Each structure stands twice: as structure tokens, then as C-alpha cells.
>>> print(open('entry-v7.txt').read())   # compact mmCIF, C-alpha atoms
# COMPACT_ATOMS: atom_id res chain seq x y z
CA MET A 237 25.44 7.18 -12.02
CA ILE A 238 24.20 5.25 -8.96
CA LEU A 239 26.21 2.09 -8.44
CA PRO A 240 24.62 -1.19 -7.30
CA ASP A 241 24.65 -1.83 -3.57
CA SER A 242 26.71 -5.01 -3.28
CA GLY A 243 25.96 -5.29 0.44
CA HIS A 244 22.48 -6.64 -0.18
CA VAL A 245 20.96 -9.34 -2.37
CA CYS A 246 17.67 -9.23 -4.22
CA ARG A 247 14.72 -10.63 -2.25
CA GLY A 248 13.46 -12.28 -5.42
CA CYS A 249 16.36 -13.59 -7.51
CA GLY A 250 19.28 -13.37 -5.05
CA SER A 251 21.44 -11.20 -7.30
CA THR A 252 23.57 -8.31 -6.04
CA GLY A 253 22.55 -6.01 -8.87
CA LEU A 254 20.62 -3.63 -6.65
CA SER A 255 20.51 0.15 -7.04
CA PRO A 256 18.81 2.64 -4.72
CA VAL A 257 15.94 4.51 -6.39
CA LEU A 258 14.29 6.20 -3.39
CA ASP A 259 15.91 7.09 -0.08
CA LEU A 260 13.79 8.70 2.66
CA GLY A 261 16.53 8.67 5.28
CA MET A 262 15.62 7.86 8.89
CA VAL A 263 11.88 7.39 9.34
CA PRO A 264 9.78 6.13 12.30
CA ALA A 265 8.46 2.59 12.12
CA ALA A 266 5.10 2.85 10.37
CA ASP A 267 3.42 0.08 12.36
CA PHE A 268 4.30 1.17 15.91
CA PHE A 269 1.89 3.73 17.35
CA PRO A 270 3.03 4.84 20.84
CA LEU A 271 0.50 5.81 23.49
CA ALA A 272 -0.40 9.48 23.24
CA ALA A 273 0.90 10.17 26.75
CA THR A 274 4.41 8.90 26.04
CA PRO A 275 7.04 11.47 24.99
CA VAL A 276 8.40 11.41 21.49
CA GLY A 277 11.57 9.34 21.54
CA LEU A 278 14.55 9.27 19.26
CA ALA A 279 14.18 5.51 18.75
CA GLU A 280 10.98 6.14 16.79
CA SER A 281 12.92 7.77 13.96
CA ALA A 282 15.99 5.58 13.93
CA TYR A 283 15.23 3.32 10.98
CA PRO A 284 16.48 3.76 7.41
CA LEU A 285 13.83 3.61 4.69
CA ARG A 286 15.04 2.99 1.14
CA MET A 287 13.77 1.34 -2.03
CA ASP A 288 16.17 -0.65 -4.23
CA LEU A 289 15.56 -1.88 -7.77
CA CYS A 290 17.03 -5.14 -9.06
CA ALA A 291 18.73 -4.82 -12.43
CA PHE A 292 18.21 -8.51 -13.17
CA CYS A 293 14.60 -9.39 -12.22
CA GLY A 294 13.17 -5.86 -11.98
CA LEU A 295 11.80 -6.28 -8.46
CA ALA A 296 11.49 -3.02 -6.50
CA GLN A 297 12.04 -3.79 -2.84
CA LEU A 298 12.63 -2.53 0.66
CA ALA A 299 16.39 -2.33 1.08
CA GLU A 300 16.44 -3.24 4.77
CA ASP A 301 14.11 -3.32 7.74
CA ASP A 302 15.29 -3.21 11.34
CA THR A 303 11.79 -2.64 12.72
CA ARG A 304 9.69 -5.18 14.59
CA ALA A 305 6.29 -5.80 13.03
CA GLU A 306 3.59 -4.58 15.43
CA GLU A 307 1.02 -3.39 12.93
CA PRO A 308 -2.44 -2.90 14.48
CA ARG A 309 -5.20 -4.03 12.18
CA GLY A 310 -7.10 -1.17 10.67
CA ILE A 311 -10.74 -1.01 9.67
CA GLU A 312 -11.22 -2.30 6.12
CA PRO A 313 -12.40 0.61 3.94
CA ALA A 314 -15.63 0.28 1.99
CA ALA A 315 -13.69 0.88 -1.25
CA LEU A 316 -11.59 -2.21 -0.56
CA ARG A 317 -14.63 -4.38 0.17
CA GLU A 318 -16.39 -3.18 -2.97
CA GLN A 319 -13.34 -3.86 -5.09
CA ALA A 320 -12.99 -7.38 -3.66
CA ALA A 321 -16.59 -8.19 -4.63
CA ASP A 322 -16.00 -6.75 -8.10
CA ALA A 323 -12.82 -8.80 -8.50
CA VAL A 324 -14.42 -12.11 -7.56
CA ALA A 325 -17.34 -11.35 -9.88
CA ARG A 326 -14.94 -10.71 -12.77
CA VAL A 327 -13.04 -13.93 -12.13
CA ALA A 328 -16.31 -15.87 -12.00
CA LYS A 329 -17.56 -14.23 -15.21
CA ALA A 330 -14.35 -15.34 -16.94
CA GLY A 331 -15.21 -18.93 -16.01
CA LEU A 332 -12.10 -19.37 -13.86
CA LEU A 333 -13.73 -20.34 -10.56
CA ARG A 334 -13.56 -24.12 -10.65
CA GLY A 335 -13.35 -26.73 -7.92
CA ASN A 336 -14.68 -26.46 -4.37
CA SER A 337 -11.86 -25.51 -1.99
CA VAL A 338 -10.31 -22.15 -1.13
CA ARG A 339 -7.28 -21.04 0.86
CA GLU A 340 -6.25 -17.49 1.69
CA PHE A 341 -2.91 -15.97 2.62
CA GLY A 342 -3.98 -12.96 4.65
CA SER A 343 -2.64 -9.44 4.96
CA PRO A 344 -1.79 -7.55 8.17
CA HIS A 345 -4.07 -4.82 6.84
CA GLY A 346 -7.09 -7.06 7.50
CA GLY A 347 -9.94 -7.97 5.20
CA THR A 348 -10.74 -11.31 3.59
CA TRP A 349 -12.13 -12.61 0.32
CA VAL A 350 -13.07 -16.02 1.73
CA PRO A 351 -16.76 -15.19 2.36
CA LEU A 352 -17.07 -14.15 -1.28
CA LEU A 353 -15.96 -17.67 -2.23
CA THR A 354 -17.88 -19.61 0.43
CA GLU A 355 -21.12 -18.03 -0.79
CA ARG A 356 -20.28 -19.59 -4.15
CA GLY A 357 -19.92 -23.05 -2.60
CA TYR A 358 -16.22 -23.12 -1.74
CA ALA A 359 -14.98 -24.67 1.51
CA PRO A 360 -11.90 -23.24 3.28
CA THR A 361 -8.93 -25.58 3.69
CA ASP A 362 -5.42 -25.49 5.12
CA GLY A 363 -4.20 -27.88 2.43
CA ALA A 364 -3.81 -27.54 -1.34
CA ALA A 365 -6.80 -25.62 -2.67
CA ASP A 366 -8.53 -25.15 -6.01
CA VAL A 367 -8.48 -21.37 -5.49
CA VAL A 368 -5.72 -19.66 -3.52
CA LEU A 369 -6.08 -15.99 -2.59
CA ASP A 370 -3.47 -13.39 -1.76
CA CYS A 371 -4.68 -9.81 -1.52
CA PHE A 372 -1.82 -7.48 -0.51
CA GLY A 373 -0.22 -10.26 1.51
CA LEU A 374 2.87 -11.16 -0.51
CA MET A 375 4.50 -7.76 -0.14
CA HIS A 376 4.85 -8.38 3.61
CA GLU A 377 7.20 -11.35 3.06
CA PRO A 378 10.95 -10.60 3.44
CA ASP A 379 11.92 -13.74 1.49
CA GLN A 380 9.99 -13.27 -1.72
CA ARG A 381 11.19 -16.43 -3.43
CA ALA A 382 10.14 -18.60 -0.48
CA ALA A 383 6.78 -16.83 -0.25
CA PHE A 384 5.95 -17.54 -3.88
CA ALA A 385 7.01 -21.16 -3.46
CA GLU A 386 4.70 -21.48 -0.45
CA ARG A 387 1.71 -20.16 -2.38
CA ALA A 388 2.48 -22.38 -5.36
CA ALA A 389 2.59 -25.41 -3.06
CA ALA A 390 -0.81 -24.40 -1.64
CA THR A 391 -2.36 -24.35 -5.12
CA ALA A 392 -3.83 -27.63 -6.38
CA PRO A 393 -2.31 -29.02 -9.62
CA ASP A 394 -5.18 -27.63 -11.70
CA GLY A 395 -5.88 -24.78 -9.30
CA LEU A 396 -5.92 -21.01 -9.66
CA LEU A 397 -3.70 -18.61 -7.71
CA LEU A 398 -5.07 -15.06 -7.45
CA ILE A 399 -2.63 -12.32 -6.41
CA GLN A 400 -3.62 -8.69 -5.96
CA PHE A 401 -0.99 -5.98 -5.64
CA HIS A 402 -0.54 -2.22 -5.78
CA SER A 403 1.20 -1.75 -9.11
CA LEU A 404 4.70 -0.29 -9.20
CA ALA A 405 3.69 1.41 -12.45
CA THR A 406 0.89 3.19 -10.58
CA ILE A 407 3.20 4.16 -7.73
CA VAL A 408 5.64 5.74 -10.18
CA ALA A 409 3.10 7.32 -12.55
CA ALA A 410 1.16 8.91 -9.68
CA GLY A 411 4.23 9.83 -7.62
CA GLN A 412 3.00 7.67 -4.74
CA TRP A 413 6.39 7.61 -3.06
CA ASN A 414 4.85 7.06 0.38
CA ALA A 415 3.79 3.56 -0.66
CA LEU A 416 7.34 2.76 0.50
CA ARG A 417 7.20 1.77 4.14
CA HIS A 418 8.72 -0.58 6.67
CA GLY A 419 7.15 -4.02 6.52
CA HIS A 420 6.37 -3.76 2.79
CA PHE A 421 9.22 -5.70 1.24
CA ALA A 422 8.23 -5.80 -2.46
CA TYR A 423 6.63 -3.52 -5.05
CA TYR A 424 5.63 -5.44 -8.17
CA SER A 425 5.51 -4.83 -11.85
CA LEU A 426 3.69 -7.46 -13.88
CA SER A 427 6.97 -8.57 -15.45
CA ALA A 428 8.76 -8.91 -12.10
CA LEU A 429 5.80 -10.83 -10.67
CA GLY A 430 5.90 -13.16 -13.66
CA ARG A 431 9.57 -13.95 -13.02
CA LEU A 432 8.87 -14.71 -9.35
CA LEU A 433 6.02 -17.02 -10.32
CA ALA A 434 8.26 -18.77 -12.84
CA THR A 435 10.75 -19.65 -10.09
CA ALA A 436 7.85 -21.39 -8.33
CA GLY A 437 6.80 -23.30 -11.45
CA MET A 438 3.80 -21.12 -12.26
CA SER A 439 2.92 -18.53 -14.88
CA ILE A 440 0.49 -15.67 -15.38
CA THR A 441 -2.54 -16.52 -17.49
CA THR A 442 -4.61 -13.36 -17.13
CA ALA A 443 -4.82 -10.04 -15.27
CA TRP A 444 -7.32 -7.34 -14.38
CA ARG A 445 -6.76 -3.69 -13.41
CA PHE A 446 -8.79 -1.80 -10.78
CA ASP A 447 -8.86 1.86 -9.81
CA LEU A 448 -8.25 1.14 -6.11
CA TYR A 449 -5.23 3.10 -4.76
CA GLY A 450 -4.89 4.69 -8.19
CA GLY A 451 -4.25 1.35 -9.88
CA THR A 452 -4.11 -2.18 -8.49
CA VAL A 453 -3.71 -5.38 -10.47
CA LEU A 454 -5.20 -8.82 -9.90
CA VAL A 455 -3.27 -11.66 -11.52
CA GLY A 456 -4.48 -15.18 -12.23
CA ALA A 457 -1.71 -17.80 -12.33
CA ARG A 458 -1.52 -21.57 -12.88
CA HIS A 459 1.09 -24.29 -12.60
CA GLY A 460 3.21 -24.86 -15.68
CA THR A 461 4.15 -22.64 -18.59
CA HIS A 462 1.30 -20.69 -20.15
CA GLN A 463 1.08 -17.74 -22.49
CA PRO A 464 -0.58 -14.70 -20.87
CA ASP A 465 -3.82 -13.57 -22.48
CA ALA A 466 -4.31 -10.26 -24.29
CA ALA A 467 -5.36 -8.42 -21.12
CA ALA A 468 -2.18 -9.41 -19.26
CA ARG A 469 0.02 -8.59 -22.27
CA GLU A 470 -1.57 -5.15 -22.61
CA LEU A 471 -1.05 -4.34 -18.92
CA ARG A 472 2.58 -5.44 -19.13
CA THR A 473 3.17 -3.26 -22.18
CA ARG A 474 1.50 -0.22 -20.59
CA GLU A 475 3.61 -0.44 -17.43
CA THR A 476 6.99 -0.53 -19.22
CA GLU A 477 7.61 3.23 -19.34
CA TYR A 478 7.05 3.49 -15.57
CA THR A 479 9.20 0.58 -14.44
CA GLU A 480 12.49 1.51 -16.08
CA PRO A 481 15.15 2.55 -13.51
CA ALA A 482 15.17 6.19 -14.64
CA ALA A 483 11.40 6.41 -14.22
CA VAL A 484 11.38 4.78 -10.78
CA ARG A 485 14.09 7.19 -9.59
CA ARG A 486 11.66 10.07 -10.17
CA LEU A 487 10.00 8.99 -6.92
CA GLN A 488 12.76 10.81 -5.05
CA GLN A 489 11.78 14.14 -6.54
CA ALA A 490 8.12 13.39 -5.89
CA ALA A 491 8.87 12.73 -2.21
CA ASP A 492 10.87 15.93 -1.75
CA GLU A 493 8.29 18.11 -3.50
CA HIS A 494 5.31 16.54 -1.74
CA ALA A 495 6.74 16.99 1.76
CA GLU A 496 7.77 20.57 1.05
CA ALA A 497 4.34 21.47 -0.40
CA LEU A 498 2.50 19.99 2.57
CA ARG A 499 4.72 21.83 5.03
CA ARG A 500 4.07 25.13 3.26
CA TRP A 501 0.32 24.53 3.17
CA LEU A 502 0.11 23.59 6.86
CA THR A 503 2.32 26.51 7.90
CA ARG A 504 0.14 28.96 5.98
CA HIS A 505 -3.07 27.73 7.59
CA ALA A 506 -1.49 27.68 11.04
CA ALA A 507 -0.50 31.34 10.56
CA GLN A 508 -4.10 32.12 9.60
CA GLY A 509 -5.33 30.55 12.82
CA ASP A 510 -7.07 27.61 11.09
CA ARG A 511 -7.49 24.42 13.11
CA VAL A 512 -6.31 21.64 10.81
CA PHE A 513 -6.98 18.00 11.65
CA ALA A 514 -6.27 14.90 9.57
CA TYR A 515 -8.20 11.70 8.90
CA GLY A 516 -6.48 8.35 8.45
CA ALA A 517 -3.58 7.25 10.69
CA ALA A 518 -2.37 5.22 7.74
CA SER A 519 1.12 3.76 7.52
CA ARG A 520 1.82 5.84 4.41
CA ALA A 521 1.16 9.03 6.42
CA VAL A 522 4.03 8.24 8.80
CA ALA A 523 6.81 8.97 6.31
CA LEU A 524 4.98 12.03 4.98
CA PHE A 525 4.56 13.53 8.46
CA SER A 526 8.20 12.77 9.21
CA LEU A 527 9.56 14.40 6.06
CA ALA A 528 7.24 17.40 6.38
CA GLY A 529 8.12 17.94 10.05
CA VAL A 530 4.50 17.74 11.23
CA ASP A 531 3.66 18.42 14.87
CA ARG A 532 0.60 19.53 16.88
CA GLY A 533 1.27 23.10 15.91
CA LEU A 534 0.42 22.15 12.33
CA ILE A 535 -2.06 19.27 12.72
CA THR A 536 -4.09 19.20 15.93
CA ALA A 537 -4.95 15.49 15.79
CA VAL A 538 -5.51 12.60 13.38
CA ALA A 539 -8.81 10.75 13.43
CA ASP A 540 -8.96 7.05 12.64
CA ALA A 541 -11.79 4.50 12.78
CA SER A 542 -9.55 1.77 14.21
CA PRO A 543 -10.00 1.47 18.00
CA ALA A 544 -6.50 -0.08 18.14
CA LYS A 545 -4.97 3.26 17.11
CA GLN A 546 -7.15 5.64 19.12
CA GLY A 547 -5.45 6.96 22.26
CA HIS A 548 -2.08 6.60 20.59
CA ARG A 549 -0.10 9.10 18.51
CA MET A 550 1.46 9.27 15.10
CA PRO A 551 4.96 7.74 15.18
CA GLY A 552 7.72 10.29 15.61
CA THR A 553 5.30 13.14 16.32
CA ASP A 554 3.25 14.51 19.23
CA VAL A 555 0.06 14.39 17.11
CA PRO A 556 -2.58 12.29 18.92
CA ILE A 557 -4.93 9.82 17.22
CA ILE A 558 -8.59 10.34 18.07
CA SER A 559 -11.91 8.76 17.13
CA PRO A 560 -14.02 10.08 14.24
CA ASP A 561 -16.67 11.15 16.78
CA GLU A 562 -14.07 13.30 18.54
CA LEU A 563 -13.12 14.81 15.19
CA VAL A 564 -16.73 15.78 14.45
CA ALA A 565 -17.14 17.23 17.97
CA ALA A 566 -13.99 19.35 17.54
CA ARG A 567 -15.58 21.26 14.62
CA PRO A 568 -12.32 21.57 12.65
CA ASP A 569 -11.74 24.21 10.00
CA LEU A 570 -10.02 21.75 7.67
CA VAL A 571 -9.49 17.96 7.59
CA LEU A 572 -6.56 16.58 5.61
CA LEU A 573 -7.53 13.18 4.17
CA THR A 574 -4.39 11.04 3.97
CA LEU A 575 -6.06 8.28 1.91
CA PRO A 576 -7.87 9.68 -1.15
CA ASP A 577 -9.82 6.43 -1.71
CA LEU A 578 -11.70 7.09 1.53
CA LEU A 579 -13.30 10.34 0.33
CA PRO A 580 -16.69 8.95 -0.81
CA GLU A 581 -16.99 6.90 2.38
CA VAL A 582 -16.11 9.66 4.86
CA ARG A 583 -18.23 12.28 3.09
CA ALA A 584 -21.25 10.00 3.34
CA ARG A 585 -20.57 8.97 6.93
CA TYR A 586 -19.73 12.41 8.36
CA PRO A 587 -21.95 15.02 6.67
CA GLU A 588 -21.11 17.42 9.52
CA LEU A 589 -17.65 17.78 7.97
CA ASP A 590 -18.89 18.71 4.52
CA GLY A 591 -16.72 21.47 3.13
CA CYS A 592 -13.80 20.64 5.44
CA TRP A 593 -12.20 17.82 3.48
CA ILE A 594 -8.83 18.44 1.86
CA VAL A 595 -7.36 15.52 -0.11
CA ASP A 596 -3.63 14.95 0.12
CA ASP A 597 -2.51 14.35 -3.47
CA PRO A 598 1.10 13.25 -4.02
CA ALA A 599 0.55 13.12 -7.77
CA ASP A 600 0.97 16.88 -8.16
CA SER A 601 2.38 17.87 -4.76
CA THR A 602 -0.79 19.74 -3.81
CA VAL A 603 -3.71 19.35 -1.50
CA LYS A 604 -7.17 19.54 -2.99
CA GLY A 605 -10.55 20.43 -1.58
CA GLY A 606 -12.98 17.53 -1.34
>>> encode(input="entry-v7.txt", output="C-alpha cells")
Amino acid sequence: MILPDSGHVCRGCGSTGLSPVLDLGMVPAADFFPLAATPVGLAESAYPLRMDLCAFCGLAQLAEDDTRAEEPRGIEPAALREQAADAVARVAKAGLLRGNSVREFGSPHGGTWVPLLTERGYAPTDGAADVVLDCFGLMHEPDQRAAFAERAAATAPDGLLLIQFHSLATIVAAGQWNALRHGHFAYYSLSALGRLLATAGMSITTAWRFDLYGGTVLVGARHGTHQPDAAARELRTRETEYTEPAAVRRLQQAADEHAEALRRWLTRHAAQGDRVFAYGAASRAVALFSLAGVDRGLITAVADASPAKQGHRMPGTDVPIISPDELVAARPDLVLLTLPDLLPEVRARYPELDGCWIVDDPADSTVKGG
């Protein structure tokens, strides 16, 4: 039996009923990419990375974070842009887009939904708005209760608050343990999100599910007490088996098996003389590379479309980050894709690499040809 960690309090409800469910040990900061020429330093791997689960409100959360946020903005994937357009269209079809003002709480990952609203006649404002947007922004807030209160205050009395998040149920069901990272302070179930909204005087009215990242949820919330519609109730019921403490603790096994399988696969191809590269210097790849002990002997370089990351290296490793053009010019034998959602986009954009793509799949601790 794992006892609650009384040294910390829940970021949502303030209780001390926290239990560790996933512990990755000491992992490099996922948002600090050193210059490629700098030597690998011990300080890059000196930060604990652990997920706790609150027994009272059900919020899964980052236990502690001693890192300093320096996250370079990445290039917004086409899949994310397409999903945003789909989401706004669904909200509009449901007749929920009312009023004429919009406000957005942004995410360090970049991207914005505001143009999708302005083309429908909405005007951006810094005050209370008829539609308030938060797409993957809330999870970056250390004080979750204060963050929800701030967004509630930004929503007009009859306004609509839209919150999109990567579902904890998806993370558990698909074994996506590397969703845990420094700077991401909360991992939501629909029920935990509902409790946080209630503390801010709001309630969930409806919800939609999307396939992005294996399963993301968009919630619509309003001031006051409302009964969730059938769609929100169904999503909440479906997530229950994956948000119980015993289920969430299975992430530990998923992490251990995934890292071991990747190490074996890379070692085998290195022994065969294959030149393996990777695509996507994503934050979730940092913990995976750390646990798997990746170095340049296993992965020659990682390509990324973000100019802010090129010329740097993966945290805690000597693996440099290069441009996609450099990747194509290198004529790799294999390219490990760290973000499965990017596969349609990269296959279309880089036909020269057809037949090289290998998708990293934490769901079954294997890598798959793309």
C-alpha cells in the first residue's frame, strides 16, 4: 500500500491526501534545450518527476517542479489546427456561440483559436468575454484553484468557457506515461475538472471528445449550477475505469516497459549498422530518451520544424536537433517519430522519407512502421 505524501497539498482542493502513482526519478527539464556545442551537464538531469493523485478531488498532478520555465514555442502541427477548426464548428452547430466578444488564455505550446472566432464576428477583449477559450493552457498553472477562478472571472455572466485538455483516461488507457513532464501541473478527468469548476462557481454543461493525442476532451461550462448533458455524462461514465488509483498506477509499468523496449530496438539497429534518426524534439520525448539511455550512438540526431530548437540538443543527451531539410539530406535508414499524430503531416511533406518512418507507440511498448 502506498501511503499519502503529507509533505504536499493538492493543487486543486488543498488536501494532503496525495499518493504517488508514477515516479520517473531524476529527469532533465523538458523545456530547456542546451546549445548543441555545450557538454552534457549533470544539472540537466537533477529534477524529480512524479505524478500524484488526490484521494479527495481526483486530480492527477505534478508532485513538484524545481525547473524554470524556458519552453521554446514549437510549430503548431496541422492535426492541432484541424482539430481546432472542427471543435469551433461543433460548438457553433450546437448553438452555443452567442455574444460578440472572445478572450483566450494561451498555451506555451503556441496556437490560437481566436481567428476562428473573429471570422464569426467576435472581437477580442482583455475584459469579461462572451466566449473564453483555454486550449491546453490550464495544465501549465501551478495553482489550479486560482487558475480556474481567473478564467471564471473572465467569463461574462451568461458567457461560455471552453476548456480543452488531454484526458487522464486516455493517458492511462493508452499507457501515455510520458505525458507527465515538468511544467504540466495537472492531468484532468472530467469529474476532477467538474470539481475545480465548481470551486469557481461554474459547472460543466456539455463535452466533446476528439481523437487528437489519442483522446482529448473539450468542455463547455457556464456560471451557476447546471446538469451536464447526455454527452458529458457518457464521457464521465466511460472514463471511470481508467481514473481509479489502481488503474492510474499502471502507468509505472507502462513507463518501464516502454523505455526498455525502445532501448532494445535502438541497440539492435545500431548493431546492424542502421542510421536511426528521430523526428520531433517534443517535451514528452525528453523523459523517454532519459529512461532509455539514448545517446548519439543510438539516435544520430532529432529533426524538428521549430527554428528555436534547431542547433540545440535534446536535454540530458548529446543528440543534436537539426532541421527537417538536414534530416532529408542525411538519407537516414530509419526515422523514429516521437509524436504519432504527426505521421500524416510528415509523410505528405517529406515523401523522400517514405518507408523510413517508425512510430513510437507507448500503448504496447513497441515501435511500428509508418
>>> atom_distance(input="entry-v7.txt", atom1="atom CA of Ala320 of chain A", atom2="atom CA of Gln546 of chain A")
26.9 Å
>>> atom_distance(input="entry-v7.txt", atom1="atom CA of Ala518 of chain A", atom2="atom CA of Leu578 of chain A")
11.4 Å
>>> residues_around(input="entry-v7.txt", residues="Ala491 of chain A", least_positions_apart="4", cutoff="9 Å", atoms="all atoms listed in the file", output="list in words")
Leu258, Leu260, Gly411, Gln412, Trp413, Asn414, Arg486, Leu487, Ala495, Glu496, Leu524, Leu527, Pro598 and Ser601 of chain A
>>> write_last_selection(input="entry-v7.txt", atoms="C-alpha atoms", output="PDB file, in the frame of the given file")
ATOM      1  CA  LEU A 258      14.290   6.200  -3.390  1.00  0.00           C
ATOM      2  CA  LEU A 260      13.790   8.700   2.660  1.00  0.00           C
ATOM      3  CA  GLY A 411       4.230   9.830  -7.620  1.00  0.00           C
ATOM      4  CA  GLN A 412       3.000   7.670  -4.740  1.00  0.00           C
ATOM      5  CA  TRP A 413       6.390   7.610  -3.060  1.00  0.00           C
ATOM      6  CA  ASN A 414       4.850   7.060   0.380  1.00  0.00           C
ATOM      7  CA  ARG A 486      11.660  10.070 -10.170  1.00  0.00           C
ATOM      8  CA  LEU A 487      10.000   8.990  -6.920  1.00  0.00           C
ATOM      9  CA  ALA A 495       6.740  16.990   1.760  1.00  0.00           C
ATOM     10  CA  GLU A 496       7.770  20.570   1.050  1.00  0.00           C
ATOM     11  CA  LEU A 524       4.980  12.030   4.980  1.00  0.00           C
ATOM     12  CA  LEU A 527       9.560  14.400   6.060  1.00  0.00           C
ATOM     13  CA  PRO A 598       1.100  13.250  -4.020  1.00  0.00           C
ATOM     14  CA  SER A 601       2.380  17.870  -4.760  1.00  0.00           C
TER      15      SER A 601
END
>>> residues_around(input="entry-v7.txt", residues="Ile557 of chain A", least_positions_apart="5", cutoff="8 Å", atoms="all atoms listed in the file", output="number ranges by chain")
A: 272, 517, 537-540, 545-550
>>> closest_atom_pairs(input="entry-v7.txt", of="segment 441-544 of chain A", to="segment 292-298 of chain A", cutoff="9 Å", atoms="only C-alpha atoms", output="Markdown table")
| residue | atom | partner | partner_atom | distance |
| --- | --- | --- | --- | --- |
| A:Thr479 | CA | A:Gly294 | CA | 8.0 |
| A:Glu480 | CA | A:Gly294 | CA | 8.5 |
| A:Pro481 | CA | A:Gly294 | CA | 8.8 |
| A:Val484 | CA | A:Ala296 | CA | 8.9 |
>>> residues_around(input="entry-v7.txt", residues="segment 394-405 of chain A", least_positions_apart="5", cutoff="6 Å", atoms="all atoms listed in the file", output="mmCIF file with C-alpha atoms, keeping the file's coordinate frame")
data_model
loop_
_atom_site.group_PDB
_atom_site.id
_atom_site.type_symbol
_atom_site.label_atom_id
_atom_site.label_comp_id
_atom_site.auth_asym_id
_atom_site.auth_seq_id
_atom_site.Cartn_x
_atom_site.Cartn_y
_atom_site.Cartn_z
ATOM 1 C CA ASP A 366 -8.530 -25.150 -6.010
ATOM 2 C CA VAL A 367 -8.480 -21.370 -5.490
ATOM 3 C CA VAL A 368 -5.720 -19.660 -3.520
ATOM 4 C CA LEU A 369 -6.080 -15.990 -2.590
ATOM 5 C CA ASP A 370 -3.470 -13.390 -1.760
ATOM 6 C CA CYS A 371 -4.680 -9.810 -1.520
ATOM 7 C CA PHE A 372 -1.820 -7.480 -0.510
ATOM 8 C CA TYR A 423 6.630 -3.520 -5.050
ATOM 9 C CA TYR A 424 5.630 -5.440 -8.170
ATOM 10 C CA SER A 425 5.510 -4.830 -11.850
ATOM 11 C CA THR A 452 -4.110 -2.180 -8.490
ATOM 12 C CA VAL A 453 -3.710 -5.380 -10.470
ATOM 13 C CA LEU A 454 -5.200 -8.820 -9.900
ATOM 14 C CA VAL A 455 -3.270 -11.660 -11.520
ATOM 15 C CA GLY A 456 -4.480 -15.180 -12.230
ATOM 16 C CA ALA A 457 -1.710 -17.800 -12.330
ATOM 17 C CA ARG A 458 -1.520 -21.570 -12.880
ATOM 18 C CA GLU A 475 3.610 -0.440 -17.430
ATOM 19 C CA TYR A 478 7.050 3.490 -15.570
ATOM 20 C CA THR A 479 9.200 0.580 -14.440
#
>>> closest_residue(input="entry-v7.txt", among="A:Pro556, A:Pro351, A:Pro360, A:Gly460", to="Gly335 of chain A", atoms="all atoms listed in the file")
A:Pro360
>>> atom_distance(input="entry-v7.txt", atom1="atom CA of Ile535 of chain A", atom2="atom CA of Arg511 of chain A")
7.5 Å
>>> residues_around(input="entry-v7.txt", residues="Met375 of chain A", least_positions_apart="5", cutoff="6 Å", atoms="all atoms listed in the file", output="list in words")
His420, Phe421 and Ala422 of chain A
>>> write_last_selection(input="entry-v7.txt", atoms="C-alpha atoms", output="short mmCIF file (atom, residue, chain, number, x, y, z; two decimals), in the coordinates of the input")
data_model
loop_
_atom_site.label_atom_id
_atom_site.label_comp_id
_atom_site.auth_asym_id
_atom_site.auth_seq_id
_atom_site.Cartn_x
_atom_site.Cartn_y
_atom_site.Cartn_z
CA HIS A 420 6.37 -3.76 2.79
CA PHE A 421 9.22 -5.70 1.24
CA ALA A 422 8.23 -5.80 -2.46
#
>>> residues_around(input="entry-v7.txt", residues="segment 519-522 of chain A", least_positions_apart="6", cutoff="12 Å", atoms="only C-alpha atoms", output="PyMOL selection string")
chain A and resi 260+262-269+280-281+285+306-310+344-345+412-420+449+491+494-495+498+528-531+538+540+545+549-553+555+572-576+596-598
>>> closest_residue(input="entry-v7.txt", among="A:Thr503, A:Ser427, A:Thr303, A:Thr406", to="Asp447 of chain A", atoms="only C-alpha atoms")
A:Thr406
>>> closest_residue(input="entry-v7.txt", among="A:Arg334, A:Gly430, A:Glu493, A:Ala323", to="Pro464 of chain A", atoms="all atoms listed in the file")
A:Gly430
>>> closest_residue(input="entry-v7.txt", among="A:Cys592, A:Val338, A:Gly451, A:Gln488", to="Arg286 of chain A", atoms="only C-alpha atoms")
A:Gln488
>>> closest_residue(input="entry-v7.txt", among="A:Ala436, A:Leu426, A:Val408, A:Val571", to="Thr391 of chain A", atoms="all atoms listed in the file")
A:Ala436
>>> residues_near_point(input="entry-v7.txt", point="(1.9, -10.4, -17.0)", cutoff="9 Å", atoms="all atoms listed in the file", output="NGL selection string")
:A and (425-430 or 439-443 or 455 or 464-465 or 467-473)
